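S.K.: Provided herewith: protein_20.txt, compact mmCIF, C-alpha atoms.
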# COMPACT_ATOMS: atom_id res chain seq x y z
CA MET A 23 -54.03 -56.80 16.72
CA HIS A 24 -55.46 -54.25 14.30
CA ALA A 25 -56.45 -57.01 11.87
CA TRP A 26 -58.12 -58.92 14.70
CA LEU A 27 -60.04 -55.82 15.82
CA THR A 28 -61.27 -55.33 12.27
CA ARG A 29 -62.72 -58.83 12.35
CA ALA A 30 -64.01 -58.68 15.93
CA ARG A 31 -65.72 -55.27 15.54
CA PRO A 32 -66.29 -54.50 19.25
CA ASP A 33 -68.93 -51.94 20.18
CA VAL A 34 -67.87 -51.30 23.77
CA VAL A 35 -64.67 -51.85 25.77
CA VAL A 36 -64.57 -52.64 29.49
CA VAL A 37 -61.14 -51.46 30.67
CA PHE A 38 -59.44 -52.63 33.87
CA TYR A 39 -56.65 -50.18 34.65
CA ASN A 40 -54.62 -48.44 37.37
CA ASP A 41 -55.22 -44.73 37.95
CA HIS A 42 -51.87 -43.00 38.64
CA GLY A 43 -53.20 -40.10 40.69
CA LEU A 44 -55.15 -38.23 38.02
CA ASN A 45 -58.68 -39.08 39.15
CA PHE A 46 -57.88 -40.44 42.64
CA PHE A 47 -55.10 -39.62 45.07
CA LEU A 48 -53.82 -40.94 48.39
CA ASP A 49 -56.36 -38.93 50.40
CA LYS A 50 -59.29 -40.72 48.68
CA LEU A 51 -58.41 -43.93 46.86
CA PRO A 52 -61.06 -46.59 46.26
CA THR A 53 -60.05 -50.22 45.84
CA PHE A 54 -62.35 -50.59 42.82
CA ALA A 55 -64.16 -47.78 40.98
CA VAL A 56 -66.54 -48.12 38.03
CA GLY A 57 -67.16 -45.25 35.65
CA ALA A 58 -70.80 -44.42 34.91
CA ALA A 59 -70.26 -41.20 32.99
CA PRO A 60 -71.53 -40.27 29.52
CA ASP A 61 -67.98 -39.35 28.50
CA TYR A 62 -64.40 -39.48 29.80
CA ARG A 63 -61.53 -37.06 29.30
CA ASN A 64 -57.78 -37.16 29.88
CA ALA A 65 -56.71 -34.13 31.95
CA ASP A 66 -53.22 -32.73 32.65
CA GLU A 67 -50.91 -35.45 33.98
CA GLY A 68 -48.00 -33.00 34.28
CA TRP A 69 -47.25 -32.49 30.59
CA GLY A 70 -49.97 -29.98 29.71
CA ILE A 71 -53.56 -30.47 28.60
CA PRO A 72 -53.74 -33.49 26.24
CA THR A 73 -55.29 -33.07 22.82
CA LEU A 74 -56.73 -36.58 22.93
CA ARG A 75 -60.37 -36.71 21.93
CA PRO A 76 -62.82 -37.68 24.71
CA PHE A 77 -64.19 -41.18 25.01
CA ARG A 78 -67.90 -41.95 24.83
CA GLY A 79 -69.25 -43.85 27.81
CA ASP A 80 -72.00 -46.44 28.02
CA PRO A 81 -73.96 -45.53 31.17
CA GLY A 82 -76.46 -48.33 30.58
CA LEU A 83 -73.76 -51.00 30.71
CA SER A 84 -72.00 -49.17 33.55
CA TRP A 85 -75.06 -49.30 35.80
CA HIS A 86 -75.74 -52.89 34.81
CA LEU A 87 -72.20 -53.80 35.95
CA ILE A 88 -72.51 -51.71 39.12
CA ASP A 89 -75.79 -53.39 40.08
CA ALA A 90 -74.31 -56.83 39.44
CA LEU A 91 -71.08 -56.13 41.34
CA VAL A 92 -72.93 -54.82 44.39
CA ALA A 93 -75.21 -57.87 44.27
CA ASP A 94 -72.02 -59.97 44.23
CA GLU A 95 -70.92 -58.13 47.42
CA PHE A 96 -68.23 -55.94 45.83
CA ASP A 97 -68.13 -52.56 47.57
CA ILE A 98 -67.25 -50.39 44.60
CA THR A 99 -67.15 -46.63 44.04
CA MET A 100 -69.58 -45.32 41.40
CA CYS A 101 -68.24 -42.40 39.36
CA GLN A 102 -70.71 -40.34 37.34
CA GLU A 103 -67.81 -38.00 36.58
CA MET A 104 -64.40 -39.53 35.96
CA LEU A 105 -61.08 -38.58 34.42
CA VAL A 106 -58.98 -41.29 32.75
CA ASP A 107 -55.19 -41.32 32.61
CA HIS A 108 -52.50 -42.81 30.38
CA ALA A 109 -53.13 -46.35 31.63
CA LEU A 110 -56.37 -46.21 29.63
CA THR A 111 -55.72 -43.60 26.95
CA LEU A 112 -52.43 -44.97 25.59
CA PRO A 113 -53.61 -48.56 25.06
CA MET A 114 -56.75 -47.24 23.39
CA ALA A 115 -54.71 -44.99 21.10
CA LEU A 116 -52.49 -47.94 20.16
CA LEU A 117 -55.50 -50.11 19.38
CA TRP A 118 -57.26 -47.41 17.34
CA PRO A 119 -54.61 -44.95 16.09
CA GLY A 120 -55.07 -42.12 13.65
CA GLY A 121 -57.33 -39.64 15.42
CA GLY A 122 -60.98 -39.01 14.67
CA GLU A 123 -63.89 -40.33 16.66
CA TRP A 124 -63.41 -43.45 18.75
CA PRO A 125 -65.27 -46.39 17.15
CA VAL A 126 -66.19 -47.83 20.56
CA ARG A 127 -67.75 -46.80 23.86
CA ILE A 128 -65.93 -47.54 27.11
CA VAL A 129 -66.63 -48.55 30.71
CA PRO A 130 -63.52 -47.88 32.84
CA ILE A 131 -62.87 -49.91 35.99
CA ALA A 132 -60.05 -48.45 38.08
CA MET A 133 -58.16 -50.74 40.47
CA ASN A 134 -55.92 -49.59 43.32
CA HIS A 135 -52.28 -50.49 42.65
CA VAL A 136 -50.90 -47.43 44.44
CA GLN A 137 -51.76 -47.40 48.14
CA HIS A 138 -51.39 -50.46 50.35
CA PRO A 139 -53.28 -52.56 51.25
CA LEU A 140 -53.83 -53.58 47.63
CA PRO A 141 -56.51 -55.99 46.46
CA SER A 142 -55.16 -59.52 46.17
CA LEU A 143 -54.75 -61.39 42.91
CA ARG A 144 -57.56 -63.67 44.05
CA ARG A 145 -59.88 -60.71 44.71
CA SER A 146 -58.96 -59.19 41.35
CA TYR A 147 -59.76 -62.45 39.58
CA ARG A 148 -63.08 -62.70 41.41
CA LEU A 149 -63.87 -59.12 40.37
CA GLY A 150 -63.29 -60.09 36.75
CA GLN A 151 -65.46 -63.17 37.10
CA ALA A 152 -68.29 -61.04 38.50
CA VAL A 153 -67.95 -58.64 35.56
CA GLY A 154 -67.97 -61.61 33.17
CA ARG A 155 -71.18 -62.99 34.64
CA ALA A 156 -72.77 -59.55 34.35
CA LEU A 157 -71.70 -59.25 30.71
CA ASP A 158 -73.19 -62.67 29.98
CA ALA A 159 -76.48 -61.45 31.46
CA TRP A 160 -76.45 -58.07 29.67
CA ASP A 161 -79.46 -57.91 27.36
CA ALA A 162 -78.01 -55.85 24.53
CA ASP A 163 -77.03 -56.45 20.93
CA ALA A 164 -73.40 -55.40 21.39
CA ARG A 165 -69.96 -56.94 21.11
CA VAL A 166 -67.78 -56.39 24.19
CA LEU A 167 -63.99 -56.28 24.34
CA VAL A 168 -62.44 -56.70 27.80
CA LEU A 169 -59.10 -54.92 28.14
CA GLY A 170 -56.55 -55.28 30.95
CA THR A 171 -53.76 -52.70 30.89
CA GLY A 172 -50.61 -52.08 32.86
CA GLY A 173 -46.98 -53.12 32.79
CA LEU A 174 -45.72 -56.54 33.76
CA SER A 175 -42.60 -56.72 35.94
CA HIS A 176 -41.11 -53.31 36.70
CA GLN A 177 -39.86 -51.19 39.56
CA LEU A 178 -39.25 -47.51 38.99
CA ASP A 179 -37.60 -46.49 42.26
CA GLY A 180 -35.81 -47.76 45.37
CA GLU A 181 -32.95 -50.22 45.62
CA ARG A 182 -34.42 -52.45 42.89
CA ALA A 183 -35.09 -49.65 40.39
CA GLY A 184 -34.94 -51.12 36.89
CA PHE A 185 -35.91 -54.61 38.07
CA ILE A 186 -37.36 -56.90 35.37
CA ASN A 187 -38.23 -60.59 35.79
CA LYS A 188 -38.74 -62.04 32.30
CA PRO A 189 -39.18 -65.70 33.37
CA PHE A 190 -41.90 -64.68 35.82
CA ASP A 191 -43.65 -62.54 33.21
CA LEU A 192 -43.68 -65.36 30.66
CA MET A 193 -44.99 -67.79 33.29
CA CYS A 194 -47.81 -65.36 34.06
CA MET A 195 -48.70 -64.96 30.40
CA ASP A 196 -48.91 -68.74 29.97
CA ALA A 197 -51.00 -69.09 33.13
CA ILE A 198 -53.39 -66.33 32.09
CA VAL A 199 -54.34 -68.37 29.04
CA GLY A 200 -54.75 -71.83 30.51
CA ASP A 201 -54.54 -71.72 34.30
CA PRO A 202 -55.38 -68.27 35.72
CA GLU A 203 -56.29 -69.75 39.10
CA ARG A 204 -52.58 -70.56 39.53
CA LEU A 205 -51.80 -66.86 39.83
CA THR A 206 -54.43 -66.30 42.51
CA HIS A 207 -52.32 -68.29 44.99
CA LEU A 208 -49.63 -65.58 44.95
CA THR A 209 -49.81 -63.13 47.84
CA THR A 210 -49.35 -59.42 47.20
CA ARG A 211 -45.96 -59.59 48.93
CA GLU A 212 -44.89 -62.45 46.66
CA LEU A 213 -46.08 -60.53 43.61
CA VAL A 214 -44.03 -57.47 44.59
CA ARG A 215 -40.98 -59.68 45.17
CA GLU A 216 -41.30 -61.40 41.79
CA ALA A 217 -42.58 -58.52 39.65
CA GLY A 218 -41.39 -55.34 41.40
CA ALA A 219 -43.31 -52.65 43.24
CA GLN A 220 -45.18 -51.50 40.15
CA GLY A 221 -45.56 -55.02 38.72
CA THR A 222 -48.74 -55.30 40.78
CA GLU A 223 -50.45 -53.95 37.66
CA LEU A 224 -50.54 -57.59 36.58
CA MET A 225 -53.77 -57.65 38.58
CA THR A 226 -55.56 -55.84 35.76
CA TRP A 227 -54.60 -58.66 33.39
CA VAL A 228 -55.89 -61.22 35.89
CA ALA A 229 -59.16 -59.31 36.30
CA ALA A 230 -59.64 -59.11 32.54
CA ARG A 231 -58.97 -62.84 32.23
CA GLY A 232 -61.54 -63.53 34.93
CA ALA A 233 -64.17 -61.78 32.82
CA LEU A 234 -63.75 -64.38 30.05
CA THR A 235 -66.30 -66.93 31.14
CA GLY A 236 -66.18 -69.32 28.21
CA ALA A 237 -63.54 -71.34 26.36
CA VAL A 238 -60.44 -69.17 25.86
CA THR A 239 -58.12 -69.35 22.86
CA LYS A 240 -54.91 -67.37 22.45
CA VAL A 241 -54.81 -65.58 19.11
CA HIS A 242 -51.57 -63.65 19.51
CA SER A 243 -48.98 -62.65 22.08
CA THR A 244 -45.71 -60.75 22.16
CA TYR A 245 -43.29 -59.69 24.91
CA HIS A 246 -40.72 -56.89 24.93
CA ILE A 247 -38.47 -55.12 27.44
CA PRO A 248 -38.18 -51.50 26.24
CA ILE A 249 -35.82 -48.80 27.44
CA SER A 250 -38.49 -47.54 29.84
CA ASN A 251 -37.65 -50.42 32.21
CA THR A 252 -41.23 -51.68 32.15
CA ALA A 253 -41.83 -55.13 30.72
CA ALA A 254 -44.40 -54.74 27.96
CA ALA A 255 -46.61 -57.40 26.43
CA LEU A 256 -49.68 -57.80 24.26
CA MET A 257 -52.05 -60.74 24.35
CA VAL A 258 -55.18 -61.31 22.29
CA LEU A 259 -57.58 -63.90 23.70
CA GLU A 260 -60.86 -64.99 22.16
CA ASN A 261 -63.71 -66.05 24.41
CA GLN A 262 -66.33 -68.55 23.23
CA PRO A 263 -69.43 -67.98 25.39
CA GLN A 264 -70.80 -70.79 27.52
CA GLN A 265 -74.13 -70.86 25.67
CA ALA A 266 -72.39 -71.21 22.33
CA ARG A 267 -70.38 -74.15 23.65
CA ALA A 268 -73.52 -75.76 25.03
CA ALA A 269 -75.15 -75.49 21.62
Take the structure in this file and express it as structure tokens.
M.R.:
Amino acid sequence: MHAWLTRARPDVVVVFYNDHGLNFFLDKLPTFAVGAAPDYRNADEGWGIPTLRPFRGDPGLSWHLIDALVADEFDITMCQEMLVDHALTLPMALLWPGGGEWPVRIVPIAMNHVQHPLPSLRRSYRLGQAVGRALDAWDADARVLVLGTGGLSHQLDGERAGFINKPFDLMCMDAIVGDPERLTHLTTRELVREAGAQGTELMTWVAARGALTGAVTKVHSTYHIPISNTAAALMVLENQPQQARAA
């Protein structure tokens, strides 16, 4: 992944992720929220104030996406101040370890995977497609990386605590590359049954895949079930834009 990032040289990262109660809580929890802040910080998630350096935002791209999403009839929450939690900070730190200034700007898009009713897989995919169309129309000389974060199958509590469904996870990873529409036929109830209560975070992967509007090629993938009882995976997909294919 690090070698691929060195070649790809992204300037900005659009991150689909699940906020775990740091920025939003059950009293006020938007289905989709787009950050439009100049910077983003990780506050105390229960372990003390993090020492992680803040992330630079890209308000211009944020408002471009917000305008496009509203035009596409997505009722999103606009956040000119926004905290980001481990669902965003840890993947970013794994992609660019070592401290120092972040080499990229970010636009965070938080998705509700906490309070039912949740957005459907179909709605999540459509959200990603709307973001992809907006990125295609963005008039800027910048390279954009789209990042979907979150665990695959896992359940952290209840009678099925520790539940992992490896065959389902691998099926989803294959479908994300070549047939993402297949996953949109799953209901939220079916997703919880197959992936566990917290496995609904798969929706961030589906949204990120929806944002890839061109020909998609898988560069790398790996799958692992760590001791944390959360199925973990990494996929690198390259997107060849429609205009490049037409040429």
S.K.: Figure out the distance between atom CA of Gly122 of chain A and atom CA of Trp26 of chain A, please, to one decimal in Å.
M.R.: 20.1 Å
S.K.: Excluding same-chain residues fewer than 6 positions from Tyr245 of chain A, what lies within 8 Å of it counting all atoms listed in the file, as an MDAnalysis selection string?
M.R.: chainID A and resid 253:256
S.K.: Atom CA of Leu51 of chain A and atom CA of Asn134 of chain A are how many Å apart?
M.R.: 7.1 Å
S.K.: For a quick check of understanding, using only C-alpha atoms, which of A:Trp124, A:Trp85, A:Tyr147, A:Trp118 has the smallest distance to Trp160 of chain A?
M.R.: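 Selected residue with least distance to Trp160 of chain A: A:Trp85.
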S.K.: Pick out the closest residue to Ser142 of chain A from this set: A:Thr111, A:Asn251, A:Asn64, A:Thr226. Count only C-alpha atoms.
M.R.: A:Thr226
S.K.: Which residue gives the smallest distance to Gln137 of chain A among A:Pro52, A:Gly68, A:Pro60, A:Gly218, with all atoms listed in the file counted?
M.R.: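 The shortest atom-to-atom distance to Gln137 of chain A comes from A:Pro52.
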S.K.: For Asp49 of chain A, which residue out of A:Leu27, A:Val241, A:Val136, A:Leu234 is the nearest one, using all atoms listed in the file?
M.R.: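 Comparing A:Leu27, A:Val241, A:Val136, A:Leu234 against Asp49 of chain A, the winner is A:Val136.
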S.K.: Which residues are near Val36 of chain A? Cut-off 8 Å, only C-alpha atoms, ignore same chain within fewer than 5 positions. Put them as a JSON list (two decimals) with C-alpha atoms, in the frame of the given file.
M.R.:
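Output saved as result23.json:
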[["chain", "number", "residue", "atom", "x", "y", "z"],
["A", 128, "ILE", "CA", -65.93, -47.54, 27.11],
["A", 129, "VAL", "CA", -66.63, -48.55, 30.71],
["A", 130, "PRO", "CA", -63.52, -47.88, 32.84],
["A", 131, "ILE", "CA", -62.87, -49.91, 35.99],
["A", 166, "VAL", "CA", -67.78, -56.39, 24.19],
["A", 167, "LEU", "CA", -63.99, -56.28, 24.34],
["A", 168, "VAL", "CA", -62.44, -56.70, 27.80],
["A", 169, "LEU", "CA", -59.10, -54.92, 28.14]]
S.K.: Nearest to Val35 of chain A: which of A:Leu192, A:Cys101, A:Leu110, A:Ile198 is it, counting all atoms listed in the file?
M.R.: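 So, comparing all the options, the nearest one is A:Leu110.
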S.K.: Counting only C-alpha atoms, figure out which residue out of A:Glu67, A:Leu259, A:Ala237, A:Gly173 gets nearest to His135 of chain A.
M.R.: A:Gly173
S.K.: Up to 12 Å from (-40.2, -52.8, 28.4) in the file's coordinates: name the residues, counting only C-alpha atoms, as a list in words.
M.R.: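 All residues meeting the 12 Å criterion around (-40.2, -52.8, 28.4) are Gly172, Gly173, Leu174, Ser175, His176, Gln177, Leu178, Gly184, Phe185, Ile186, Asn187, Lys188, Asp191, Gly221, Thr244, Tyr245, His246, Ile247, Pro248, Ile249, Ser250, Asn251, Thr252, Ala253, Ala254, Ala255 and Leu256 of chain A.
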S.K.: Since we have the selection now, will you write its residues out, keeping C-alpha atoms, as a compact mmCIF listing (two decimals), keeping the file's coordinate frame?
M.R.:
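In the end it all went to again.txt:
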# COMPACT_ATOMS: atom_id res chain seq x y z
CA GLY A 172 -50.61 -52.08 32.86
CA GLY A 173 -46.98 -53.12 32.79
CA LEU A 174 -45.72 -56.54 33.76
CA SER A 175 -42.60 -56.72 35.94
CA HIS A 176 -41.11 -53.31 36.70
CA GLN A 177 -39.86 -51.19 39.56
CA LEU A 178 -39.25 -47.51 38.99
CA GLY A 184 -34.94 -51.12 36.89
CA PHE A 185 -35.91 -54.61 38.07
CA ILE A 186 -37.36 -56.90 35.37
CA ASN A 187 -38.23 -60.59 35.79
CA LYS A 188 -38.74 -62.04 32.30
CA ASP A 191 -43.65 -62.54 33.21
CA GLY A 221 -45.56 -55.02 38.72
CA THR A 244 -45.71 -60.75 22.16
CA TYR A 245 -43.29 -59.69 24.91
CA HIS A 246 -40.72 -56.89 24.93
CA ILE A 247 -38.47 -55.12 27.44
CA PRO A 248 -38.18 -51.50 26.24
CA ILE A 249 -35.82 -48.80 27.44
CA SER A 250 -38.49 -47.54 29.84
CA ASN A 251 -37.65 -50.42 32.21
CA THR A 252 -41.23 -51.68 32.15
CA ALA A 253 -41.83 -55.13 30.72
CA ALA A 254 -44.40 -54.74 27.96
CA ALA A 255 -46.61 -57.40 26.43
CA LEU A 256 -49.68 -57.80 24.26
S.K.: Please compute the atom CA of Pro76 of chain A-atom CA of Glu223 of chain A distance, one decimal, in Å.
M.R.: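 Separating atom CA of Pro76 of chain A from atom CA of Glu223 of chain A is a distance of 24.2 Å.
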S.K.: How would you write as a PDB file with C-alpha atoms, in the coordinates of the input the residues that get within 12 Å of (-58.4, -42.0, 19.3) in the file's frame, counting only C-alpha atoms?
M.R.:
ATOM      1  CA  ARG A  63     -61.530 -37.060  29.300  1.00  0.00           C
ATOM      2  CA  ASN A  64     -57.780 -37.160  29.880  1.00  0.00           C
ATOM      3  CA  PRO A  72     -53.740 -33.490  26.240  1.00  0.00           C
ATOM      4  CA  THR A  73     -55.290 -33.070  22.820  1.00  0.00           C
ATOM      5  CA  LEU A  74     -56.730 -36.580  22.930  1.00  0.00           C
ATOM      6  CA  ARG A  75     -60.370 -36.710  21.930  1.00  0.00           C
ATOM      7  CA  PRO A  76     -62.820 -37.680  24.710  1.00  0.00           C
ATOM      8  CA  PHE A  77     -64.190 -41.180  25.010  1.00  0.00           C
ATOM      9  CA  ARG A  78     -67.900 -41.950  24.830  1.00  0.00           C
ATOM     10  CA  LEU A 110     -56.370 -46.210  29.630  1.00  0.00           C
ATOM     11  CA  THR A 111     -55.720 -43.600  26.950  1.00  0.00           C
ATOM     12  CA  LEU A 112     -52.430 -44.970  25.590  1.00  0.00           C
ATOM     13  CA  PRO A 113     -53.610 -48.560  25.060  1.00  0.00           C
ATOM     14  CA  MET A 114     -56.750 -47.240  23.390  1.00  0.00           C
ATOM     15  CA  ALA A 115     -54.710 -44.990  21.100  1.00  0.00           C
ATOM     16  CA  LEU A 116     -52.490 -47.940  20.160  1.00  0.00           C
ATOM     17  CA  LEU A 117     -55.500 -50.110  19.380  1.00  0.00           C
ATOM     18  CA  TRP A 118     -57.260 -47.410  17.340  1.00  0.00           C
ATOM     19  CA  PRO A 119     -54.610 -44.950  16.090  1.00  0.00           C
ATOM     20  CA  GLY A 120     -55.070 -42.120  13.650  1.00  0.00           C
ATOM     21  CA  GLY A 121     -57.330 -39.640  15.420  1.00  0.00           C
ATOM     22  CA  GLY A 122     -60.980 -39.010  14.670  1.00  0.00           C
ATOM     23  CA  GLU A 123     -63.890 -40.330  16.660  1.00  0.00           C
ATOM     24  CA  TRP A 124     -63.410 -43.450  18.750  1.00  0.00           C
ATOM     25  CA  PRO A 125     -65.270 -46.390  17.150  1.00  0.00           C
ATOM     26  CA  VAL A 126     -66.190 -47.830  20.560  1.00  0.00           C
ATOM     27  CA  ARG A 127     -67.750 -46.800  23.860  1.00  0.00           C
TER      28      ARG A 127
END
S.K.: Counting all atoms listed in the file, what is within 12 Å of Arg231 of chain A, bar same-chain residues fewer than 2 positions away, as JSON, numbers by chain?
M.R.: {"A": [36, 37, 38, 143, 144, 146, 147, 148, 149, 150, 151, 152, 153, 154, 167, 168, 169, 170, 171, 194, 195, 196, 197, 198, 199, 200, 201, 202, 203, 205, 206, 224, 225, 226, 227, 228, 229, 233, 234, 235, 236, 237, 238, 239, 240, 257, 258, 259, 260, 261]}
S.K.: Enclose segment 95-112 of chain A, meaning all of its atoms listed in the file, in a box aligned along x, y and z, pad it by 4 Å on each side, and list the centre and edge lengths in Å to one decimal, as AutoDock Vina command-line options.
M.R.:
--center_x -61.7 --center_y -48.1 --center_z 36.6 --size_x 26.5 --size_y 28.1 --size_z 30.0
S.K.: Residues at most 10 Å from Ala162 of chain A, counting all atoms listed in the file, excluding those fewer than 5 positions away in the same chain, as a VMD selection string?
M.R.: chain A and resid 82 to 83 157
